[in-house]
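File shown here: final_27.cif, holding mmCIF, C-alpha atoms.
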data_input
loop_
_atom_site.label_atom_id
_atom_site.label_comp_id
_atom_site.auth_asym_id
_atom_site.auth_seq_id
_atom_site.Cartn_x
_atom_site.Cartn_y
_atom_site.Cartn_z
CA MET A 1 129.31 215.00 39.59
CA ASN A 2 127.91 215.86 43.03
CA LYS A 3 125.67 213.49 44.95
CA GLN A 4 122.62 215.73 44.65
CA VAL A 5 122.79 215.52 40.87
CA SER A 6 123.54 211.79 41.03
CA GLY A 7 120.57 211.28 43.35
CA GLU A 8 118.26 213.10 40.96
CA ARG A 9 119.56 211.00 38.07
CA ALA A 10 118.90 207.88 40.14
CA ARG A 11 115.30 208.97 40.73
CA ILE A 12 114.87 209.45 36.98
CA LEU A 13 116.23 205.98 36.28
CA ALA A 14 114.04 204.42 38.97
CA ARG A 15 110.93 206.10 37.51
CA GLN A 16 111.80 204.95 33.99
CA VAL A 17 112.37 201.37 35.06
CA LEU A 18 109.28 201.22 37.27
CA GLY A 19 107.21 202.50 34.35
CA VAL A 20 108.17 199.59 32.09
CA PRO A 21 105.66 196.91 33.25
CA GLU A 22 102.26 197.52 31.68
CA THR A 23 100.04 196.62 34.63
CA PRO A 24 99.91 198.16 38.11
CA TYR A 25 100.20 194.64 39.54
CA GLN A 26 103.52 194.05 37.78
CA GLN A 27 104.73 197.55 38.65
CA ARG A 28 104.15 196.77 42.34
CA SER A 29 106.08 193.53 41.93
CA LEU A 30 109.00 195.34 40.31
CA GLN A 31 109.03 197.98 43.05
CA ALA A 32 108.93 195.30 45.74
CA SER A 33 111.78 193.47 43.99
CA LEU A 34 114.01 196.55 43.90
CA HIS A 35 113.20 197.22 47.56
CA LEU A 36 114.15 193.64 48.40
CA PHE A 37 117.50 193.84 46.60
CA HIS A 38 118.34 197.14 48.34
CA SER A 39 118.94 195.35 51.63
CA PRO A 40 122.68 194.59 51.80
CA GLY A 41 123.64 191.80 54.14
CA GLN A 42 120.11 190.41 54.45
CA LYS A 43 118.94 187.20 52.83
CA THR A 44 117.34 187.98 49.49
CA ASN A 45 114.23 185.89 49.93
CA PHE A 46 110.82 186.49 48.40
CA SER A 47 109.23 185.98 51.81
CA GLN A 48 110.96 189.21 52.91
CA ALA A 49 109.32 191.32 50.17
CA GLU A 50 107.07 194.23 51.09
CA GLY A 51 103.56 194.61 49.66
CA VAL A 52 103.41 191.47 47.49
CA SER A 53 103.27 187.77 48.25
CA PRO A 54 106.19 185.38 47.64
CA SER A 55 104.13 183.53 45.03
CA ALA A 56 103.42 186.78 43.18
CA LEU A 57 107.13 187.58 43.02
CA SER A 58 107.90 184.05 41.87
CA ARG A 59 105.49 184.46 38.97
CA PHE A 60 106.91 187.91 38.22
CA PHE A 61 110.45 186.54 37.95
CA ASN A 62 109.77 183.18 36.33
CA ILE A 63 106.56 183.38 34.30
CA TYR A 64 105.31 186.85 33.41
CA ASP A 65 106.53 188.22 30.08
CA TRP A 66 107.00 191.84 31.15
CA ASP A 67 109.47 193.83 29.05
CA SER A 68 112.67 193.22 31.01
CA ASP A 69 114.72 193.84 27.84
CA ARG A 70 113.53 197.43 27.95
CA CYS A 71 114.59 197.66 31.60
CA TRP A 72 118.09 196.54 30.58
CA GLU A 73 118.10 199.16 27.82
CA GLU A 74 116.92 201.92 30.16
CA MET A 75 119.60 201.06 32.71
CA GLN A 76 122.45 200.76 30.20
CA ASP A 77 121.52 203.96 28.37
CA PHE A 78 121.43 205.73 31.72
CA GLN A 79 124.83 204.33 32.73
CA TRP A 80 126.54 205.40 29.50
CA ARG A 81 124.91 208.84 29.62
CA ILE A 82 125.98 209.51 33.18
CA LEU A 83 129.55 208.45 32.30
CA LEU A 84 129.45 210.88 29.38
CA ASP A 85 128.09 213.63 31.60
CA THR A 86 130.82 213.03 34.18
CA ALA A 87 133.44 213.50 31.44
CA ARG A 88 131.93 216.75 30.21
CA HIS A 89 134.53 219.36 29.22
CA LYS A 90 137.29 216.73 29.26
CA ARG A 91 139.25 216.17 26.08
CA ARG A 92 138.91 212.46 25.17
CA PRO A 93 139.38 211.12 28.70
CA ARG A 94 140.29 207.53 29.53
CA MET A 95 137.58 204.99 30.36
CA ARG A 96 138.28 201.49 31.64
CA LEU A 97 136.13 198.56 30.56
CA SER A 98 136.83 195.44 32.59
CA VAL A 99 135.72 191.95 31.59
CA ASP A 100 135.97 188.89 33.77
CA LEU A 101 134.27 185.63 34.64
CA THR A 102 132.78 184.92 38.04
CA THR A 103 131.07 181.79 39.32
CA VAL A 104 127.90 181.76 41.37
CA GLU A 105 128.57 178.45 43.08
CA LYS A 106 125.61 176.08 42.92
CA VAL A 107 125.07 172.32 42.93
CA GLY A 108 122.36 170.11 41.52
CA THR A 109 120.67 170.06 38.14
CA GLN A 110 117.46 172.04 38.69
CA LEU A 111 118.95 175.52 38.34
CA PRO A 112 119.56 176.89 34.82
CA TYR A 113 123.02 176.86 33.20
CA VAL A 114 124.80 175.01 36.03
CA SER A 115 128.06 173.48 34.78
CA VAL A 116 131.64 172.82 35.84
CA TYR A 117 134.39 175.23 34.76
CA ASN A 118 137.96 175.19 36.08
CA GLY A 119 136.83 172.77 38.77
CA ARG A 120 134.04 175.05 40.04
CA HIS A 121 130.43 173.92 39.95
CA GLY A 122 127.86 176.67 39.40
CA ILE A 123 126.57 179.39 37.08
CA HIS A 124 129.45 181.09 35.26
CA LEU A 125 128.91 184.73 34.33
CA VAL A 126 131.08 186.89 32.09
CA VAL A 127 130.51 190.52 33.11
CA LEU A 128 131.32 193.87 31.49
CA PHE A 129 132.07 196.66 33.98
CA ALA A 130 132.65 200.34 33.09
CA GLU A 131 134.62 202.84 35.15
CA TYR A 132 135.34 206.53 34.71
CA GLY A 133 136.26 208.77 37.63
CA GLU A 134 134.00 207.95 40.58
CA GLN A 135 131.35 206.34 38.38
CA LYS A 136 131.50 202.53 38.27
CA PHE A 137 128.74 200.37 36.83
CA PRO A 138 128.13 196.72 35.88
CA ILE A 139 126.82 197.05 32.34
CA SER A 140 125.93 193.63 30.96
CA TYR A 141 126.63 189.91 31.20
CA ARG A 142 126.66 186.61 29.37
CA VAL A 143 126.32 183.08 30.73
CA TYR A 144 128.99 180.51 29.90
CA GLN A 145 127.00 177.32 29.30
CA GLY A 146 129.75 174.72 29.26
CA LYS A 147 131.60 172.63 26.68
CA TYR A 148 130.73 173.01 23.01
CA THR A 149 129.22 176.46 23.57
CA SER A 150 130.67 179.96 23.18
CA THR A 151 133.82 180.35 25.27
CA PRO A 152 134.28 183.05 27.94
CA VAL A 153 136.62 184.85 25.50
CA THR A 154 133.96 184.89 22.78
CA LEU A 155 131.31 186.02 25.26
CA ALA A 156 133.57 188.85 26.49
CA LEU A 157 134.09 190.04 22.92
CA ASP A 158 130.32 189.94 22.37
CA LEU A 159 129.87 192.26 25.35
CA LEU A 160 132.56 194.66 24.10
CA GLU A 161 131.04 194.72 20.62
CA GLU A 162 127.79 196.00 22.15
CA VAL A 163 129.49 199.09 23.59
CA PRO A 164 127.86 202.05 21.77
CA ASP A 165 129.94 203.74 19.07
CA PHE A 166 129.68 207.10 20.81
CA VAL A 167 131.61 205.71 23.79
CA GLY A 168 134.66 204.91 21.65
CA LYS A 169 134.44 208.32 19.96
CA ARG A 170 134.18 210.24 23.22
CA PHE A 171 136.61 208.22 25.35
CA GLN A 172 139.97 206.59 24.98
CA VAL A 173 138.88 203.10 26.01
CA CYS A 174 141.22 200.66 27.74
CA VAL A 175 140.05 197.07 28.25
CA LEU A 176 141.26 195.35 31.41
CA ALA A 177 141.24 191.56 31.77
CA ASP A 178 143.11 188.80 33.58
CA SER A 179 145.11 185.95 32.07
CA GLY A 180 141.98 183.97 31.28
CA PHE A 181 141.54 186.33 28.34
CA GLU A 182 145.09 186.38 26.99
CA SER A 183 144.30 184.53 23.76
CA ALA A 184 145.19 186.00 20.38
CA ILE A 185 141.49 185.95 19.46
CA PHE A 186 140.70 188.29 22.35
CA LEU A 187 143.61 190.66 21.70
CA ASP A 188 142.71 190.82 18.00
CA GLY A 189 139.06 191.48 18.81
CA VAL A 190 139.84 194.29 21.25
CA GLN A 191 142.10 196.03 18.74
CA ARG A 192 139.58 195.56 15.95
CA LEU A 193 137.12 197.53 18.10
CA GLY A 194 139.66 200.35 18.39
CA PHE A 195 140.33 199.85 22.10
CA GLU A 196 143.63 199.63 23.98
CA PHE A 197 144.17 196.83 26.49
CA VAL A 198 146.05 195.74 29.61
CA VAL A 199 145.65 191.97 29.85
CA GLY A 200 147.22 189.46 32.20
CA VAL A 201 149.40 186.71 30.71
CA ARG A 202 150.71 183.42 32.05
CA SER A 203 154.35 183.31 33.12
CA ASN A 204 155.11 180.66 30.47
CA ARG A 205 153.67 182.69 27.58
CA ARG A 206 156.23 182.49 24.76
CA THR A 207 157.75 185.52 23.04
CA ASP A 208 159.63 186.19 19.79
CA HIS A 209 161.20 189.34 21.22
CA PRO A 210 163.50 190.02 23.06
CA GLY A 211 164.16 186.36 22.18
CA ARG A 212 162.58 182.92 22.11
CA VAL A 213 161.87 183.03 25.83
CA THR A 214 158.88 183.30 28.15
CA VAL A 215 157.52 186.51 29.65
CA ALA A 216 158.97 185.36 33.01
CA ASP A 217 162.43 185.90 31.48
CA CYS A 218 161.63 189.45 30.31
CA PRO A 219 162.29 192.66 32.28
CA HIS A 220 159.64 194.76 33.95
CA GLY A 221 158.68 197.56 31.56
CA GLY A 222 160.43 195.84 28.64
CA TYR A 223 159.12 195.39 25.09
CA VAL A 224 157.81 191.97 24.06
CA ASN A 225 156.29 190.32 21.02
CA LEU A 226 154.07 187.38 21.93
CA ALA A 227 154.92 184.33 19.85
CA ASN A 228 151.38 183.56 18.70
CA TRP A 229 150.42 187.22 18.36
CA PRO A 230 153.27 189.00 16.55
CA LEU A 231 151.10 191.83 15.26
CA GLU A 232 152.32 194.48 17.66
CA THR A 233 155.01 195.23 20.19
CA LEU A 234 153.66 195.26 23.74
CA THR A 235 155.10 196.38 27.06
CA LEU A 236 155.32 194.03 30.02
CA GLY A 237 154.54 194.61 33.66
CA ARG A 238 155.59 192.26 36.48
CA ILE A 239 153.58 192.17 39.67
CA ASP A 240 155.29 190.75 42.76
CA ARG A 241 152.88 189.44 45.37
CA ARG A 242 154.75 187.69 48.18
CA ASP A 243 155.85 184.33 46.81
CA ARG A 244 154.03 184.69 43.48
CA GLU A 245 154.62 186.82 40.43
CA PHE A 246 152.03 187.94 37.90
CA PHE A 247 152.43 189.42 34.44
CA ALA A 248 150.43 191.75 32.22
CA VAL A 249 150.95 193.22 28.75
CA SER A 250 149.82 196.59 27.46
CA SER A 251 149.00 197.57 23.89
CA GLU A 252 150.25 201.06 24.75
CA LEU A 253 153.94 201.55 25.31
CA LEU A 254 153.51 202.34 28.99
CA GLU A 255 156.13 202.27 31.69
CA GLY A 256 156.08 199.24 33.96
CA LYS A 257 154.64 201.15 36.91
CA ASP A 258 151.81 202.48 34.75
CA ILE A 259 150.91 198.97 33.61
CA LEU A 260 150.65 197.91 37.26
CA ALA A 261 148.49 200.94 38.03
CA GLU A 262 146.14 200.07 35.16
CA ARG A 263 145.93 196.44 36.21
CA LYS A 264 144.95 197.45 39.73
CA ARG A 265 141.93 199.30 38.33
CA ARG A 266 140.45 195.89 37.47
CA TRP A 267 139.81 195.39 41.19
CA ALA A 268 136.73 197.59 40.84
CA LEU A 269 135.10 194.65 39.02
CA GLU A 270 136.38 192.17 41.60
CA SER A 271 134.85 194.37 44.29
CA PHE A 272 131.53 194.31 42.45
CA PHE A 273 131.65 190.51 42.29
CA LYS A 274 132.14 190.36 46.05
CA GLU A 275 129.48 192.94 46.87
CA GLY A 276 127.05 191.57 44.29
CA LYS A 277 127.25 188.09 45.78
CA HIS A 278 127.34 188.90 49.47
CA GLN A 279 125.51 192.24 49.72
CA PHE A 280 123.01 192.31 46.84
CA GLY A 281 121.90 188.68 46.71
CA LEU A 282 123.60 187.38 43.56
CA ALA A 283 124.90 184.29 45.39
CA GLN A 284 121.40 183.57 46.74
CA PHE A 285 119.87 182.92 43.33
CA ALA A 286 117.68 179.79 43.53
CA LEU A 287 115.13 180.11 40.71
CA ARG A 288 114.70 177.31 38.19
CA THR A 289 114.25 179.21 34.92
CA ALA A 290 116.58 181.07 32.58
CA ARG A 291 114.11 183.97 32.59
CA GLY A 292 114.28 184.05 36.38
CA LEU A 293 118.08 184.22 36.25
CA ASP A 294 118.02 187.16 33.84
CA HIS A 295 115.51 189.03 36.00
CA TRP A 296 117.52 188.27 39.14
CA ILE A 297 120.77 189.61 37.64
CA LEU A 298 118.90 192.69 36.38
CA MET A 299 117.81 193.44 39.96
CA VAL A 300 121.37 193.01 41.25
CA PHE A 301 122.77 195.36 38.58
CA LEU A 302 120.05 197.94 39.18
CA ALA A 303 120.40 197.84 42.97
CA PHE A 304 124.18 198.20 42.72
CA THR A 305 123.90 201.09 40.23
CA LEU A 306 121.32 203.01 42.27
CA THR A 307 123.26 202.45 45.50
CA THR A 308 126.52 203.59 43.91
CA LEU A 309 124.91 206.88 42.94
CA HIS A 310 123.97 207.51 46.58
CA ARG A 311 127.32 206.48 48.01
CA SER A 312 130.02 208.84 49.24
CA GLU A 313 133.29 208.34 51.11
CA ASP A 314 131.64 208.73 54.50
CA LEU A 315 128.92 206.14 53.82
CA THR A 316 129.21 202.39 53.99
CA LEU A 317 127.63 200.32 51.25
CA LYS A 318 124.78 199.38 53.59
CA GLU A 319 124.15 203.02 54.53
CA ALA A 320 124.19 204.08 50.87
CA ALA A 321 121.72 201.31 49.98
CA ARG A 322 119.40 202.42 52.78
CA LEU A 323 119.65 206.04 51.58
CA ALA A 324 118.78 204.95 48.04
CA LEU A 325 115.91 202.84 49.35
CA TYR A 326 114.34 205.72 51.28
CA ALA A 327 114.86 208.21 48.44
CA LEU A 328 113.64 206.02 45.58
CA PHE A 329 110.94 203.84 47.12
CA PRO A 330 109.30 205.85 49.93
CA GLU A 331 105.89 204.20 49.43
CA VAL A 332 107.29 200.74 50.05
CA ARG A 333 109.16 201.95 53.10
CA LEU A 334 106.06 203.69 54.50
CA ASN A 335 103.99 200.54 53.98
CA HIS A 336 106.64 198.60 55.86
CA LEU A 337 106.51 201.01 58.79
CA LEU A 338 102.70 200.96 58.84
CA GLY A 339 102.79 197.18 58.85
CA GLN A 340 105.15 197.22 61.82
CA LEU A 341 102.79 199.54 63.68
CA ARG A 342 99.81 197.27 63.00
CA LYS A 343 101.72 194.33 64.43
CA GLU A 344 102.30 196.31 67.64
CA GLN A 345 98.74 197.59 68.02
CA GLU A 346 98.15 195.95 71.39
CA PHE A 347 101.40 197.31 72.82
CA LEU A 348 100.64 200.80 71.50
CA ARG A 349 97.12 200.71 72.98
CA GLN A 350 98.49 199.73 76.37
CA HIS A 351 100.60 202.87 76.34
CA SER A 352 97.92 205.13 74.86
CA TYR A 353 99.61 205.54 71.48
CA TRP A 354 96.86 203.91 69.39
#
Starting from the coordinates I provided, produce the structure as structure tokens.
Amino acid sequence: MNKQVSGERARILARQVLGVPETPYQQRSLQASLHLFHSPGQKTNFSQAEGVSPSALSRFFNIYDWDSDRCWEEMQDFQWRILLDTARHKRRPRMRLSVDLTTVEKVGTQLPYVSVYNGRHGIHLVVLFAEYGEQKFPISYRVYQGKYTSTPVTLALDLLEEVPDFVGKRFQVCVLADSGFESAIFLDGVQRLGFEFVVGVRSNRRTDHPGRVTVADCPHGGYVNLANWPLETLTLGRIDRRDREFFAVSSELLEGKDILAERKRRWALESFFKEGKHQFGLAQFALRTARGLDHWILMVFLAFTLTTLHRSEDLTLKEAARLALYALFPEVRLNHLLGQLRKEQEFLRQHSYW
């Protein structure tokens, strides 16, 4: 899909999302929010917003009951449809769905859902990420809320269960995950949904075949039967990385090199985690309500999606975000420029420009 078509699709999505709030006041707040999150590398702070006050944005994120669920639906429907359109004329092509957990590191008790997991203190998000061809989108998320709540594995399966039926019918879906999702419950759930998988496993994971050994004792590209999941023969891939070795199993009988190639595709999600935190403001979340967190993540996902559609090989992420900003929100940008001119009135008058 060429960038001109992608850009037009992005404008359609932006119009649909901006039309969700019922009042012009809330529509301005949503537009200012999207403008704010399209500023990679800058601090995502309400005081930097254009056209609305910080207090107005705070109320918009934390208090007002505008239909953000519909915004999520509009974005996700758009993402699936553009993936389908990209695969047009292909005969059941392969789509990768990656699931993983990332931590937005935070301390204190005033922010929502802060807990400790694997020694890390913060907000723990399980994210579903879809990839086909050049199109890569964060689709949805769940929050891991700590002990005695749904586990990351259960949350990941919840996300996969929400994938529309038409996706599985149109694509051959392969789920990619690291060793945090190697449990039998997860593998069973993925297969029950009709998806293939390439999932990392620990080196000491026991097998029944080729013997009562661990995967570390099995050959690269060899067949294995996991001891606590004997339902199907899997193939094993070994990944050498300097002084460490990693392992992954595939539900398809792939060659070892193909398993490694599939596992590498999971780095698209890792890249999103990095860019979402450091370029689109995910790590700067500091609101005190669960509603505010959901709205904040929605803005990150939308900004990343719209920027991706304007990105090409010759553009950096920051340049693509600026292109999306100018194309999608020209009124906000013009107001910003007019504001800058007003601040420089005296200078402009001195040089006969005002």
Can you spell out as a compact mmCIF listing (two decimals) with C-alpha atoms, in the coordinates of the input the set of residues that the PyMOL selection byres ((chain A and resi 114-124) around 10) selects in the structure I just provided?
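Output saved as out-v9.txt:
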# COMPACT_ATOMS: atom_id res chain seq x y z
CA LEU A 101 134.27 185.63 34.64
CA THR A 102 132.78 184.92 38.04
CA THR A 103 131.07 181.79 39.32
CA VAL A 104 127.90 181.76 41.37
CA GLU A 105 128.57 178.45 43.08
CA LYS A 106 125.61 176.08 42.92
CA VAL A 107 125.07 172.32 42.93
CA GLY A 108 122.36 170.11 41.52
CA THR A 109 120.67 170.06 38.14
CA GLN A 110 117.46 172.04 38.69
CA LEU A 111 118.95 175.52 38.34
CA PRO A 112 119.56 176.89 34.82
CA TYR A 113 123.02 176.86 33.20
CA LEU A 125 128.91 184.73 34.33
CA VAL A 126 131.08 186.89 32.09
CA VAL A 127 130.51 190.52 33.11
CA ARG A 142 126.66 186.61 29.37
CA VAL A 143 126.32 183.08 30.73
CA TYR A 144 128.99 180.51 29.90
CA GLN A 145 127.00 177.32 29.30
CA GLY A 146 129.75 174.72 29.26
CA LYS A 147 131.60 172.63 26.68
CA PRO A 152 134.28 183.05 27.94
CA ALA A 283 124.90 184.29 45.39
CA PHE A 285 119.87 182.92 43.33
CA LEU A 293 118.08 184.22 36.25
If the PyMOL selection byres ((chain A and resi 163) around 10) were run on this exact file, what residues would it hold? Put them as number ranges by chain. A: 76, 80, 97, 128, 139-140, 158-162, 164-168, 193
List, as a list in words, every residue that the PyMOL selection byres ((chain A and resi 67) around 9) selects in the file provided. Val20, Pro21, Glu22, Asp65, Trp66, Ser68, Asp69, Arg70 and Cys71 of chain A
Sort by chain and increasing residue number a table of all residues of region 40-85 of chain A within 10 Å of region 334-340 of chain A, each with its closest pair of atoms and their distance in Å to one decimal, counting all atoms listed in the file, and write it as JSON lines.
{"residue": "A:Ala49", "atom": "CA", "partner": "A:His336", "partner_atom": "CA", "distance": 9.6}
{"residue": "A:Glu50", "atom": "CA", "partner": "A:His336", "partner_atom": "CA", "distance": 6.5}
{"residue": "A:Gly51", "atom": "CA", "partner": "A:Asn335", "partner_atom": "CA", "distance": 7.3}
Sorted by chain and rising residue number, which residues of region 23-137 of chain A lie within 12 Å of region 198-204 of chain A, and what are their closest atom pairs and distances in Å to one decimal, counting only C-alpha atoms, as JSON lines?
{"residue": "A:Arg96", "atom": "CA", "partner": "A:Val198", "partner_atom": "CA", "distance": 9.9}
{"residue": "A:Leu97", "atom": "CA", "partner": "A:Val198", "partner_atom": "CA", "distance": 10.4}
{"residue": "A:Ser98", "atom": "CA", "partner": "A:Val198", "partner_atom": "CA", "distance": 9.7}
{"residue": "A:Val99", "atom": "CA", "partner": "A:Val199", "partner_atom": "CA", "distance": 10.1}
{"residue": "A:Asp100", "atom": "CA", "partner": "A:Val199", "partner_atom": "CA", "distance": 10.9}
So the first atom is CA of Ala32 (chain A) and the second is CA of His278 (chain A); what is the distance between them in Å, to one decimal place?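 One can read the CA of Ala32 (chain A) to CA of His278 (chain A) distance as 19.8 Å.
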With only C-alpha atoms counted and 8 Å as the cut-off, give the residues of region 113-224 of chain A in contact with region 264-271 of chain A, each with its shortest interatomic distance in Å and the pair that gives it, as CSV.
residue,atom,partner,partner_atom,distance
A:Phe129,CA,A:Leu269,CA,6.2
A:Lys136,CA,A:Ala268,CA,7.6
A:Pro138,CA,A:Leu269,CA,7.9
A:Leu176,CA,A:Arg266,CA,6.1
A:Ala177,CA,A:Arg266,CA,7.2
For Lys274 (chain A), the nearest of the candidates A:Glu134, A:Leu309, A:Pro40, A:Gln26, counting only C-alpha atoms: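 Among A:Glu134, A:Leu309, A:Pro40, A:Gln26, it is A:Pro40 that comes nearest to Lys274 (chain A).
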As an exercise, work out the distance from CA of Glu232 (chain A) to CA of His220 (chain A) in Å and give it to one decimal place. 17.9 Å
From the set A:Gln31, A:Thr235, A:Asn62, A:Ser251, which residue has the shortest atom-to-atom contact distance to Leu187 (chain A), counting only C-alpha atoms?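 Among the listed residues, A:Ser251 lies closest to Leu187 (chain A).
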Grab the CA of Phe329 (chain A) to CA of Leu18 (chain A) distance for me, in Å with one decimal place.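 Value for the CA of Phe329 (chain A)-CA of Leu18 (chain A) distance: 10.3 Å.
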Excluding Val153 (chain A) and residues on its chain fewer than 2 positions from it, collect all residues at most 8 Å away from it, counting all atoms listed in the file, and give them as an MDAnalysis selection string. chainID A and resid 151 155:157 180:181 183 185:186
Just the residues within 12 Å of Leu328 (chain A), please, counting only C-alpha atoms, with nothing from its chain fewer than 6 positions along; format it as a ChimeraX atom specification. /A:7-18,31-32,34-35,38,303,306-307,309-310,320-322,334
Name the closest residue to Cys218 (chain A) among the candidates A:Arg244, A:Arg238, A:Thr233, A:Trp296; distances are taken between atoms, counting only C-alpha atoms. A:Arg238
Nearest to Val175 (chain A) among A:Asp217, A:Glu245, A:Glu262, A:Asp240, with distances taken over all atoms listed in the file: which residue is it?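 The shortest atom-to-atom distance to Val175 (chain A) comes from A:Glu262.
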Assuming the input is short of atoms at region 276-295 of chain A, produce N, CA and C atoms for that part as a PDB file, in the frame of the given file.
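Contents of result17.pdb, as written:
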ATOM      1  N   GLY A 276     128.234 192.106  44.934  1.00  0.00           N
ATOM      2  CA  GLY A 276     127.050 191.570  44.290  1.00  0.00           C
ATOM      3  C   GLY A 276     126.614 190.249  44.894  1.00  0.00           C
ATOM      4  N   LYS A 277     127.581 189.397  45.226  1.00  0.00           N
ATOM      5  CA  LYS A 277     127.250 188.090  45.780  1.00  0.00           C
ATOM      6  C   LYS A 277     126.820 188.171  47.240  1.00  0.00           C
ATOM      7  N   HIS A 278     127.537 188.946  48.020  1.00  0.00           N
ATOM      8  CA  HIS A 278     127.340 188.900  49.470  1.00  0.00           C
ATOM      9  C   HIS A 278     126.479 190.045  50.019  1.00  0.00           C
ATOM     10  N   GLN A 279     126.301 191.103  49.247  1.00  0.00           N
ATOM     11  CA  GLN A 279     125.510 192.240  49.720  1.00  0.00           C
ATOM     12  C   GLN A 279     124.204 192.417  48.948  1.00  0.00           C
ATOM     13  N   PHE A 280     124.199 192.063  47.659  1.00  0.00           N
ATOM     14  CA  PHE A 280     123.010 192.310  46.840  1.00  0.00           C
ATOM     15  C   PHE A 280     122.331 191.035  46.353  1.00  0.00           C
ATOM     16  N   GLY A 281     122.682 189.886  46.923  1.00  0.00           N
ATOM     17  CA  GLY A 281     121.900 188.680  46.710  1.00  0.00           C
ATOM     18  C   GLY A 281     122.222 187.845  45.493  1.00  0.00           C
ATOM     19  N   LEU A 282     123.292 188.163  44.750  1.00  0.00           N
ATOM     20  CA  LEU A 282     123.600 187.380  43.560  1.00  0.00           C
ATOM     21  C   LEU A 282     123.855 185.915  43.909  1.00  0.00           C
ATOM     22  N   ALA A 283     124.575 185.671  44.999  1.00  0.00           N
ATOM     23  CA  ALA A 283     124.900 184.290  45.390  1.00  0.00           C
ATOM     24  C   ALA A 283     123.685 183.530  45.890  1.00  0.00           C
ATOM     25  N   GLN A 284     122.586 184.228  46.188  1.00  0.00           N
ATOM     26  CA  GLN A 284     121.400 183.570  46.740  1.00  0.00           C
ATOM     27  C   GLN A 284     120.395 183.171  45.671  1.00  0.00           C
ATOM     28  N   PHE A 285     120.775 183.310  44.413  1.00  0.00           N
ATOM     29  CA  PHE A 285     119.870 182.920  43.330  1.00  0.00           C
ATOM     30  C   PHE A 285     119.469 181.449  43.480  1.00  0.00           C
ATOM     31  N   ALA A 286     118.158 181.174  43.379  1.00  0.00           N
ATOM     32  CA  ALA A 286     117.680 179.790  43.530  1.00  0.00           C
ATOM     33  C   ALA A 286     116.446 179.536  42.672  1.00  0.00           C
ATOM     34  N   LEU A 287     116.273 180.318  41.600  1.00  0.00           N
ATOM     35  CA  LEU A 287     115.130 180.110  40.710  1.00  0.00           C
ATOM     36  C   LEU A 287     115.475 179.077  39.645  1.00  0.00           C
ATOM     37  N   ARG A 288     114.463 178.474  39.063  1.00  0.00           N
ATOM     38  CA  ARG A 288     114.700 177.310  38.190  1.00  0.00           C
ATOM     39  C   ARG A 288     114.520 177.614  36.710  1.00  0.00           C
ATOM     40  N   THR A 289     114.435 178.879  36.331  1.00  0.00           N
ATOM     41  CA  THR A 289     114.250 179.210  34.920  1.00  0.00           C
ATOM     42  C   THR A 289     115.326 180.184  34.469  1.00  0.00           C
ATOM     43  N   ALA A 290     115.625 180.124  33.164  1.00  0.00           N
ATOM     44  CA  ALA A 290     116.580 181.070  32.580  1.00  0.00           C
ATOM     45  C   ALA A 290     116.031 182.487  32.666  1.00  0.00           C
ATOM     46  N   ARG A 291     114.721 182.642  32.469  1.00  0.00           N
ATOM     47  CA  ARG A 291     114.110 183.970  32.590  1.00  0.00           C
ATOM     48  C   ARG A 291     114.284 184.501  34.010  1.00  0.00           C
ATOM     49  N   GLY A 292     114.093 183.624  34.998  1.00  0.00           N
ATOM     50  CA  GLY A 292     114.280 184.050  36.380  1.00  0.00           C
ATOM     51  C   GLY A 292     115.694 184.492  36.657  1.00  0.00           C
ATOM     52  N   LEU A 293     116.684 183.815  36.065  1.00  0.00           N
ATOM     53  CA  LEU A 293     118.080 184.220  36.250  1.00  0.00           C
ATOM     54  C   LEU A 293     118.333 185.592  35.667  1.00  0.00           C
ATOM     55  N   ASP A 294     117.821 185.846  34.463  1.00  0.00           N
ATOM     56  CA  ASP A 294     118.020 187.160  33.840  1.00  0.00           C
ATOM     57  C   ASP A 294     117.382 188.255  34.675  1.00  0.00           C
ATOM     58  N   HIS A 295     116.181 188.029  35.170  1.00  0.00           N
ATOM     59  CA  HIS A 295     115.510 189.030  36.000  1.00  0.00           C
ATOM     60  C   HIS A 295     116.267 189.246  37.313  1.00  0.00           C
TER      61      HIS A 295
END
